file model-v7.pdb (PDB, C-alpha atoms)
MODEL        1
ATOM      1  CA  MET R   1     137.503 168.209  72.690  1.00  0.00           C
ATOM      2  CA  TYR R   2     138.980 171.344  74.219  1.00  0.00           C
ATOM      3  CA  ASN R   3     139.668 174.073  71.670  1.00  0.00           C
ATOM      4  CA  TYR R   4     142.711 175.921  72.972  1.00  0.00           C
ATOM      5  CA  ASP R   5     142.767 178.359  70.041  1.00  0.00           C
ATOM      6  CA  GLU R   6     139.205 179.489  70.766  1.00  0.00           C
ATOM      7  CA  TYR R   7     139.958 179.890  74.476  1.00  0.00           C
ATOM      8  CA  TYR R   8     143.168 181.748  73.697  1.00  0.00           C
ATOM      9  CA  LYS R   9     141.312 184.148  71.363  1.00  0.00           C
ATOM     10  CA  TRP R  10     138.806 185.013  74.092  1.00  0.00           C
ATOM     11  CA  GLU R  11     141.507 185.258  76.719  1.00  0.00           C
ATOM     12  CA  ARG R  12     143.250 187.908  74.590  1.00  0.00           C
ATOM     13  CA  VAL R  13     140.022 189.886  74.338  1.00  0.00           C
ATOM     14  CA  LEU R  14     139.478 189.741  78.083  1.00  0.00           C
ATOM     15  CA  ILE R  15     143.040 190.731  78.940  1.00  0.00           C
ATOM     16  CA  LYS R  16     143.195 194.220  77.527  1.00  0.00           C
ATOM     17  CA  GLU R  17     146.797 195.214  77.060  1.00  0.00           C
ATOM     18  CA  SER R  18     147.144 198.960  77.428  1.00  0.00           C
ATOM     19  CA  ALA R  19     150.298 199.307  75.351  1.00  0.00           C
ATOM     20  CA  ILE R  20     152.717 197.558  73.076  1.00  0.00           C
ATOM     21  CA  PHE R  21     156.041 199.369  73.201  1.00  0.00           C
ATOM     22  CA  TRP R  22     158.290 199.560  70.194  1.00  0.00           C
ATOM     23  CA  GLY R  23     161.795 200.787  69.635  1.00  0.00           C
ATOM     24  CA  TYR R  24     164.502 200.858  67.044  1.00  0.00           C
ATOM     25  CA  PHE R  25     167.583 198.637  67.047  1.00  0.00           C
ATOM     26  CA  SER R  26     170.571 199.205  64.825  1.00  0.00           C
ATOM     27  CA  TYR R  27     173.801 197.218  64.827  1.00  0.00           C
ATOM     28  CA  ARG R  28     176.334 197.715  62.056  1.00  0.00           C
ATOM     29  CA  ASP R  29     174.284 197.317  58.862  1.00  0.00           C
ATOM     30  CA  TRP R  30     171.376 195.607  60.657  1.00  0.00           C
ATOM     31  CA  GLU R  31     168.274 197.617  61.391  1.00  0.00           C
ATOM     32  CA  MET R  32     165.046 196.459  62.957  1.00  0.00           C
ATOM     33  CA  HIS R  33     162.124 197.530  65.080  1.00  0.00           C
ATOM     34  CA  LEU R  34     161.363 195.590  68.247  1.00  0.00           C
ATOM     35  CA  ALA R  35     158.025 195.431  70.024  1.00  0.00           C
ATOM     36  CA  ALA R  36     157.212 194.205  73.516  1.00  0.00           C
ATOM     37  CA  SER R  37     154.050 193.685  75.490  1.00  0.00           C
ATOM     38  CA  PRO R  38     154.082 193.895  79.286  1.00  0.00           C
ATOM     39  CA  LYS R  39     154.787 190.122  79.201  1.00  0.00           C
ATOM     40  CA  GLY R  40     157.845 190.233  76.924  1.00  0.00           C
ATOM     41  CA  LEU R  41     159.314 190.648  73.467  1.00  0.00           C
ATOM     42  CA  CYS R  42     156.603 189.919  70.931  1.00  0.00           C
ATOM     43  CA  TYR R  43     157.841 191.129  67.527  1.00  0.00           C
ATOM     44  CA  VAL R  44     161.012 191.755  65.529  1.00  0.00           C
ATOM     45  CA  LEU R  45     160.459 193.721  62.331  1.00  0.00           C
ATOM     46  CA  TRP R  46     163.311 193.718  59.825  1.00  0.00           C
ATOM     47  CA  SER R  47     164.127 196.815  57.788  1.00  0.00           C
ATOM     48  CA  ASN R  48     163.052 195.087  54.560  1.00  0.00           C
ATOM     49  CA  LYS R  49     159.438 195.267  55.812  1.00  0.00           C
ATOM     50  CA  PRO R  50     157.391 198.469  56.252  1.00  0.00           C
ATOM     51  CA  PHE R  51     156.399 199.567  59.770  1.00  0.00           C
ATOM     52  CA  ARG R  52     152.775 198.986  58.741  1.00  0.00           C
ATOM     53  CA  VAL R  53     153.439 195.214  59.042  1.00  0.00           C
ATOM     54  CA  LEU R  54     154.042 195.689  62.776  1.00  0.00           C
ATOM     55  CA  GLU R  55     150.939 197.853  63.118  1.00  0.00           C
ATOM     56  CA  ILE R  56     148.772 195.217  61.435  1.00  0.00           C
ATOM     57  CA  TRP R  57     150.257 192.443  63.596  1.00  0.00           C
ATOM     58  CA  VAL R  58     149.661 194.398  66.820  1.00  0.00           C
ATOM     59  CA  ASN R  59     146.085 195.165  65.778  1.00  0.00           C
ATOM     60  CA  LYS R  60     145.472 191.444  65.169  1.00  0.00           C
ATOM     61  CA  TYR R  61     146.932 190.111  68.419  1.00  0.00           C
ATOM     62  CA  PHE R  62     146.487 193.084  70.752  1.00  0.00           C
ATOM     63  CA  PRO R  63     143.441 194.922  69.369  1.00  0.00           C
ATOM     64  CA  GLN R  64     142.945 197.014  72.511  1.00  0.00           C
ATOM     65  CA  ALA R  65     146.585 198.120  72.794  1.00  0.00           C
ATOM     66  CA  ASP R  66     148.189 201.356  71.751  1.00  0.00           C
ATOM     67  CA  LEU R  67     151.487 201.090  69.880  1.00  0.00           C
ATOM     68  CA  ILE R  68     153.862 203.431  71.717  1.00  0.00           C
ATOM     69  CA  CYS R  69     157.485 204.268  70.910  1.00  0.00           C
ATOM     70  CA  ASN R  70     159.604 203.845  74.051  1.00  0.00           C
ATOM     71  CA  GLN R  71     163.289 202.952  73.618  1.00  0.00           C
ATOM     72  CA  ASP R  72     163.763 202.507  77.384  1.00  0.00           C
ATOM     73  CA  LYS R  73     161.181 199.696  77.540  1.00  0.00           C
ATOM     74  CA  LEU R  74     163.073 197.853  74.783  1.00  0.00           C
ATOM     75  CA  LYS R  75     166.534 198.302  76.315  1.00  0.00           C
ATOM     76  CA  PRO R  76     166.788 194.824  77.939  1.00  0.00           C
ATOM     77  CA  TYR R  77     165.968 193.184  74.603  1.00  0.00           C
ATOM     78  CA  ILE R  78     168.317 195.443  72.651  1.00  0.00           C
ATOM     79  CA  ILE R  79     171.208 194.700  75.029  1.00  0.00           C
ATOM     80  CA  GLN R  80     170.836 190.932  74.639  1.00  0.00           C
ATOM     81  CA  LEU R  81     170.445 191.135  70.851  1.00  0.00           C
ATOM     82  CA  GLU R  82     173.549 193.269  70.548  1.00  0.00           C
ATOM     83  CA  LYS R  83     175.572 190.863  72.704  1.00  0.00           C
ATOM     84  CA  TYR R  84     174.362 187.967  70.558  1.00  0.00           C
ATOM     85  CA  LEU R  85     175.346 189.738  67.329  1.00  0.00           C
ATOM     86  CA  LYS R  86     178.792 190.472  68.776  1.00  0.00           C
ATOM     87  CA  GLY R  87     179.175 186.764  69.579  1.00  0.00           C
ATOM     88  CA  TRP R  88     179.163 187.362  73.348  1.00  0.00           C
ATOM     89  CA  ARG R  89     175.823 185.666  74.066  1.00  0.00           C
ATOM     90  CA  HIS R  90     174.733 182.185  73.011  1.00  0.00           C
ATOM     91  CA  ALA R  91     171.285 182.101  74.618  1.00  0.00           C
ATOM     92  CA  PHE R  92     168.588 184.610  75.480  1.00  0.00           C
ATOM     93  CA  ASP R  93     166.886 184.854  78.854  1.00  0.00           C
ATOM     94  CA  ILE R  94     164.485 187.664  78.041  1.00  0.00           C
ATOM     95  CA  PRO R  95     160.753 187.089  78.464  1.00  0.00           C
ATOM     96  CA  LEU R  96     158.763 186.378  75.315  1.00  0.00           C
ATOM     97  CA  ASP R  97     155.107 186.915  74.535  1.00  0.00           C
ATOM     98  CA  LEU R  98     154.524 184.538  71.625  1.00  0.00           C
ATOM     99  CA  GLN R  99     151.269 185.116  69.763  1.00  0.00           C
ATOM    100  CA  GLY R 100     150.040 182.573  67.233  1.00  0.00           C
ATOM    101  CA  THR R 101     148.116 179.356  66.858  1.00  0.00           C
ATOM    102  CA  CYS R 102     148.797 176.382  69.104  1.00  0.00           C
ATOM    103  CA  PHE R 103     150.602 174.697  66.208  1.00  0.00           C
ATOM    104  CA  GLN R 104     152.789 177.734  65.530  1.00  0.00           C
ATOM    105  CA  ILE R 105     153.678 178.122  69.190  1.00  0.00           C
ATOM    106  CA  SER R 106     154.602 174.431  69.433  1.00  0.00           C
ATOM    107  CA  VAL R 107     156.938 174.868  66.451  1.00  0.00           C
ATOM    108  CA  TRP R 108     158.481 178.039  67.901  1.00  0.00           C
ATOM    109  CA  LYS R 109     159.043 176.376  71.277  1.00  0.00           C
ATOM    110  CA  THR R 110     160.787 173.531  69.464  1.00  0.00           C
ATOM    111  CA  LEU R 111     163.024 176.073  67.714  1.00  0.00           C
ATOM    112  CA  LEU R 112     164.003 177.461  71.119  1.00  0.00           C
ATOM    113  CA  ASN R 113     165.556 174.051  71.861  1.00  0.00           C
ATOM    114  CA  ILE R 114     167.919 174.087  68.867  1.00  0.00           C
ATOM    115  CA  PRO R 115     171.346 174.649  70.430  1.00  0.00           C
ATOM    116  CA  TYR R 116     173.503 177.595  69.434  1.00  0.00           C
ATOM    117  CA  GLY R 117     175.814 176.678  66.582  1.00  0.00           C
ATOM    118  CA  THR R 118     173.668 173.850  65.227  1.00  0.00           C
ATOM    119  CA  THR R 119     170.980 173.523  62.573  1.00  0.00           C
ATOM    120  CA  LYS R 120     167.986 171.300  61.977  1.00  0.00           C
ATOM    121  CA  THR R 121     165.832 170.638  58.957  1.00  0.00           C
ATOM    122  CA  TYR R 122     162.122 171.278  58.587  1.00  0.00           C
ATOM    123  CA  SER R 123     161.479 167.530  58.610  1.00  0.00           C
ATOM    124  CA  GLN R 124     163.428 167.137  61.864  1.00  0.00           C
ATOM    125  CA  ILE R 125     161.261 169.827  63.453  1.00  0.00           C
ATOM    126  CA  ALA R 126     158.108 168.112  62.168  1.00  0.00           C
ATOM    127  CA  ARG R 127     159.251 164.848  63.762  1.00  0.00           C
ATOM    128  CA  GLU R 128     160.068 166.584  67.041  1.00  0.00           C
ATOM    129  CA  ILE R 129     156.531 167.939  67.325  1.00  0.00           C
ATOM    130  CA  ASN R 130     155.247 164.411  66.613  1.00  0.00           C
ATOM    131  CA  ASN R 131     153.775 165.385  63.257  1.00  0.00           C
ATOM    132  CA  PRO R 132     156.263 164.065  60.651  1.00  0.00           C
ATOM    133  CA  LYS R 133     153.929 164.687  57.712  1.00  0.00           C
ATOM    134  CA  ALA R 134     153.539 168.378  58.563  1.00  0.00           C
ATOM    135  CA  VAL R 135     156.805 169.544  56.994  1.00  0.00           C
ATOM    136  CA  ARG R 136     155.123 172.262  54.896  1.00  0.00           C
ATOM    137  CA  ALA R 137     153.019 173.420  57.850  1.00  0.00           C
ATOM    138  CA  VAL R 138     156.202 173.587  59.929  1.00  0.00           C
ATOM    139  CA  GLY R 139     157.779 175.731  57.210  1.00  0.00           C
ATOM    140  CA  LYS R 140     154.778 178.031  57.216  1.00  0.00           C
ATOM    141  CA  ALA R 141     154.851 178.320  61.028  1.00  0.00           C
ATOM    142  CA  ILE R 142     158.565 179.098  60.938  1.00  0.00           C
ATOM    143  CA  GLY R 143     157.879 181.746  58.295  1.00  0.00           C
ATOM    144  CA  ALA R 144     155.338 183.324  60.653  1.00  0.00           C
ATOM    145  CA  ASN R 145     157.787 183.482  63.568  1.00  0.00           C
ATOM    146  CA  PRO R 146     157.323 186.995  64.983  1.00  0.00           C
ATOM    147  CA  VAL R 147     160.506 186.973  67.071  1.00  0.00           C
ATOM    148  CA  SER R 148     163.378 186.220  64.680  1.00  0.00           C
ATOM    149  CA  ILE R 149     166.819 185.578  66.152  1.00  0.00           C
ATOM    150  CA  VAL R 150     165.508 185.074  69.702  1.00  0.00           C
ATOM    151  CA  VAL R 151     163.293 182.228  68.458  1.00  0.00           C
ATOM    152  CA  PRO R 152     166.049 180.912  66.184  1.00  0.00           C
ATOM    153  CA  CYS R 153     164.287 180.150  62.921  1.00  0.00           C
ATOM    154  CA  HIS R 154     167.595 180.973  61.197  1.00  0.00           C
ATOM    155  CA  ARG R 155     168.859 177.595  62.475  1.00  0.00           C
ATOM    156  CA  VAL R 156     166.405 175.714  60.255  1.00  0.00           C
ATOM    157  CA  ILE R 157     167.705 174.788  56.816  1.00  0.00           C
ATOM    158  CA  GLY R 158     166.592 172.714  53.856  1.00  0.00           C
ATOM    159  CA  LYS R 159     167.014 168.932  53.844  1.00  0.00           C
ATOM    160  CA  ASP R 160     169.905 169.266  51.375  1.00  0.00           C
ATOM    161  CA  GLY R 161     171.683 171.834  53.575  1.00  0.00           C
ATOM    162  CA  THR R 162     170.613 174.897  51.607  1.00  0.00           C
ATOM    163  CA  LEU R 163     169.434 178.104  53.179  1.00  0.00           C
ATOM    164  CA  THR R 164     165.737 178.728  52.841  1.00  0.00           C
ATOM    165  CA  GLY R 165     163.506 181.742  53.533  1.00  0.00           C
ATOM    166  CA  PHE R 166     164.075 184.151  56.393  1.00  0.00           C
ATOM    167  CA  ALA R 167     162.159 187.314  57.336  1.00  0.00           C
ATOM    168  CA  GLY R 168     165.300 189.448  57.200  1.00  0.00           C
ATOM    169  CA  GLY R 169     166.510 187.869  53.964  1.00  0.00           C
ATOM    170  CA  ILE R 170     168.809 184.964  53.135  1.00  0.00           C
ATOM    171  CA  GLU R 171     171.940 187.125  53.441  1.00  0.00           C
ATOM    172  CA  ILE R 172     171.096 187.944  57.061  1.00  0.00           C
ATOM    173  CA  LYS R 173     170.270 184.299  57.793  1.00  0.00           C
ATOM    174  CA  GLU R 174     173.704 183.338  56.491  1.00  0.00           C
ATOM    175  CA  LYS R 175     175.364 186.015  58.649  1.00  0.00           C
ATOM    176  CA  LEU R 176     173.504 184.785  61.752  1.00  0.00           C
ATOM    177  CA  LEU R 177     174.687 181.235  61.134  1.00  0.00           C
ATOM    178  CA  ARG R 178     178.258 182.445  60.618  1.00  0.00           C
ATOM    179  CA  ILE R 179     178.086 184.357  63.931  1.00  0.00           C
ATOM    180  CA  GLU R 180     177.295 180.983  65.502  1.00  0.00           C
ATOM    181  CA  GLY R 181     180.265 179.354  63.766  1.00  0.00           C
ATOM    182  CA  ILE R 182     178.277 177.495  61.122  1.00  0.00           C
ATOM    183  CA  SER R 183     180.099 177.795  57.837  1.00  0.00           C
ATOM    184  CA  ASN R 184     179.210 174.579  55.980  1.00  0.00           C
ATOM    185  CA  ILE R 185     176.020 176.023  54.515  1.00  0.00           C
ATOM    186  CA  LYS R 186     174.867 176.167  50.926  1.00  0.00           C
ATOM    187  CA  SER R 187     173.427 179.443  49.675  1.00  0.00           C
TER     188      SER R 187
ENDMDL
END

call {"tool": "encode", "arguments": {"input": "model-v7.pdb", "output": "structure tokens"}}
result
Amino acid sequence: MYNYDEYYKWERVLIKESAIFWGYFSYRDWEMHLAASPKGLCYVLWSNKPFRVLEIWVNKYFPQADLICNQDKLKPYIIQLEKYLKGWRHAFDIPLDLQGTCFQISVWKTLLNIPYGTTKTYSQIAREINNPKAVRAVGKAIGANPVSIVVPCHRVIGKDGTLTGFAGGIEIKEKLLRIEGISNIKS
């Protein structure tokens, strides 16, 4: 059987990224750091997490790369995020560089198909990836989503309609859903 994860690990070692660029994004009371590889946006770090979290993540997935502050490199991502937060953009068309296991990436790609203004449950996501018994694993993969908002993990809620964990905090998850016109949520 072909082991994609093993191949992917070696592929990352062979493709030596020279730099991961990071920048700062602030909108109203929202603050975050963004990071991008030459392939696309790869990390969103919320202000409730220390910068060290980003450094550790970059070292894990891009061990040969330098982490370099460069606001200009992050401008295309910042522009689309700001338009989304203002309610002017319903979908993103920025390139992404998703780093994770095959399972995680399959979950994140499924999240990308949740339409703006709608929600799904963890069990619905598990069924969509043809693994209905993997509800907890789906939750864990969603919790590991490195590109919040763009990969819309905020659109996943509990089976009973309650809000569940989010990297930026439940309050921010609720605000994101309200931006999308979803108001029938339980906190």

call {"tool": "residues_around", "arguments": {"input": "model-v7.pdb", "residues": "R:Cys69", "least_positions_apart": "3", "cutoff": "9 Å", "atoms": "only C-alpha atoms", "output": "PyMOL selection string"}}
result
chain R and resi 20-24+35+73

call {"tool": "write_last_selection", "arguments": {"input": "model-v7.pdb", "atoms": "C-alpha atoms", "output": "PDB file, in the frame of the given file"}}
result
ATOM      1  CA  ILE R  20     152.717 197.558  73.076  1.00  0.00           C
ATOM      2  CA  PHE R  21     156.041 199.369  73.201  1.00  0.00           C
ATOM      3  CA  TRP R  22     158.290 199.560  70.194  1.00  0.00           C
ATOM      4  CA  GLY R  23     161.795 200.787  69.635  1.00  0.00           C
ATOM      5  CA  TYR R  24     164.502 200.858  67.044  1.00  0.00           C
ATOM      6  CA  ALA R  35     158.025 195.431  70.024  1.00  0.00           C
ATOM      7  CA  LYS R  73     161.181 199.696  77.540  1.00  0.00           C
TER       8      LYS R  73
END

call {"tool": "resolve_selection", "arguments": {"input": "model-v7.pdb", "expression": "the PyMOL selection byres ((chain R and resi 141) around 10)", "output": "number ranges by chain"}}
result
R: 100-101, 103-108, 135-140, 142-146, 153

call {"tool": "closest_residue", "arguments": {"input": "model-v7.pdb", "among": "R:Gln80, R:Gln99, R:Ser18, R:Thr164", "to": "R:Gln64", "atoms": "all atoms listed in the file"}}
result
R:Ser18

call {"tool": "closest_residue", "arguments": {"input": "model-v7.pdb", "among": "R:Asp72, R:Lys60, R:Trp30, R:Gln124", "to": "R:Asn48", "atoms": "only C-alpha atoms"}}
result
R:Trp30

call {"tool": "closest_residue", "arguments": {"input": "model-v7.pdb", "among": "R:His90, R:Leu34, R:Leu163, R:Thr121", "to": "R:Ser148", "atoms": "all atoms listed in the file"}}
result
R:Leu34

call {"tool": "resolve_selection", "arguments": {"input": "model-v7.pdb", "expression": "the PyMOL selection byres ((chain R and resi 114) around 10)", "output": "list in words"}}
result
Lys109, Thr110, Leu111, Leu112, Asn113, Pro115, Tyr116, Gly117, Thr118, Thr119, Lys120, Ile125, Val151, Pro152, Cys153, Arg155 and Val156 of chain R

call {"tool": "atom_distance", "arguments": {"input": "model-v7.pdb", "atom1": "atom CA of R:Ile157", "atom2": "atom CA of R:Ile185"}}
result
8.7 Å

call {"tool": "closest_residue", "arguments": {"input": "model-v7.pdb", "among": "R:Gly181, R:Gly158, R:Gly169, R:Gly40", "to": "R:Lys75", "atoms": "all atoms listed in the file"}}
result
R:Gly40

call {"tool": "closest_residue", "arguments": {"input": "model-v7.pdb", "among": "R:Leu177, R:His33, R:Ile182, R:Cys102", "to": "R:Ile129", "atoms": "only C-alpha atoms"}}
result
R:Cys102

call {"tool": "residues_around", "arguments": {"input": "model-v7.pdb", "residues": "R:Lys49", "least_positions_apart": "2", "cutoff": "12 Å", "atoms": "only C-alpha atoms", "output": "ChimeraX atom specification"}}
result
/R:31-33,44-47,51-55,167-169

call {"tool": "residues_near_point", "arguments": {"input": "model-v7.pdb", "point": "(166.2, 185.4, 79.7)", "cutoff": "12 Å", "atoms": "only C-alpha atoms", "output": "list of chain:residue names"}}
result
R:Gly40, R:Leu41, R:Pro76, R:Tyr77, R:Ile79, R:Gln80, R:Leu81, R:Arg89, R:His90, R:Ala91, R:Phe92, R:Asp93, R:Ile94, R:Pro95, R:Leu96, R:Leu112, R:Val150

call {"tool": "atom_distance", "arguments": {"input": "model-v7.pdb", "atom1": "atom CA of R:Lys39", "atom2": "atom CA of R:Asp97"}}
result
5.7 Å

call {"tool": "closest_residue", "arguments": {"input": "model-v7.pdb", "among": "R:Phe62, R:Tyr43, R:Tyr122, R:Tyr27", "to": "R:Glu82", "atoms": "all atoms listed in the file"}}
result
R:Tyr27

call {"tool": "atom_distance", "arguments": {"input": "model-v7.pdb", "atom1": "atom CA of R:Ser123", "atom2": "atom CA of R:Thr162"}}
result
13.7 Å
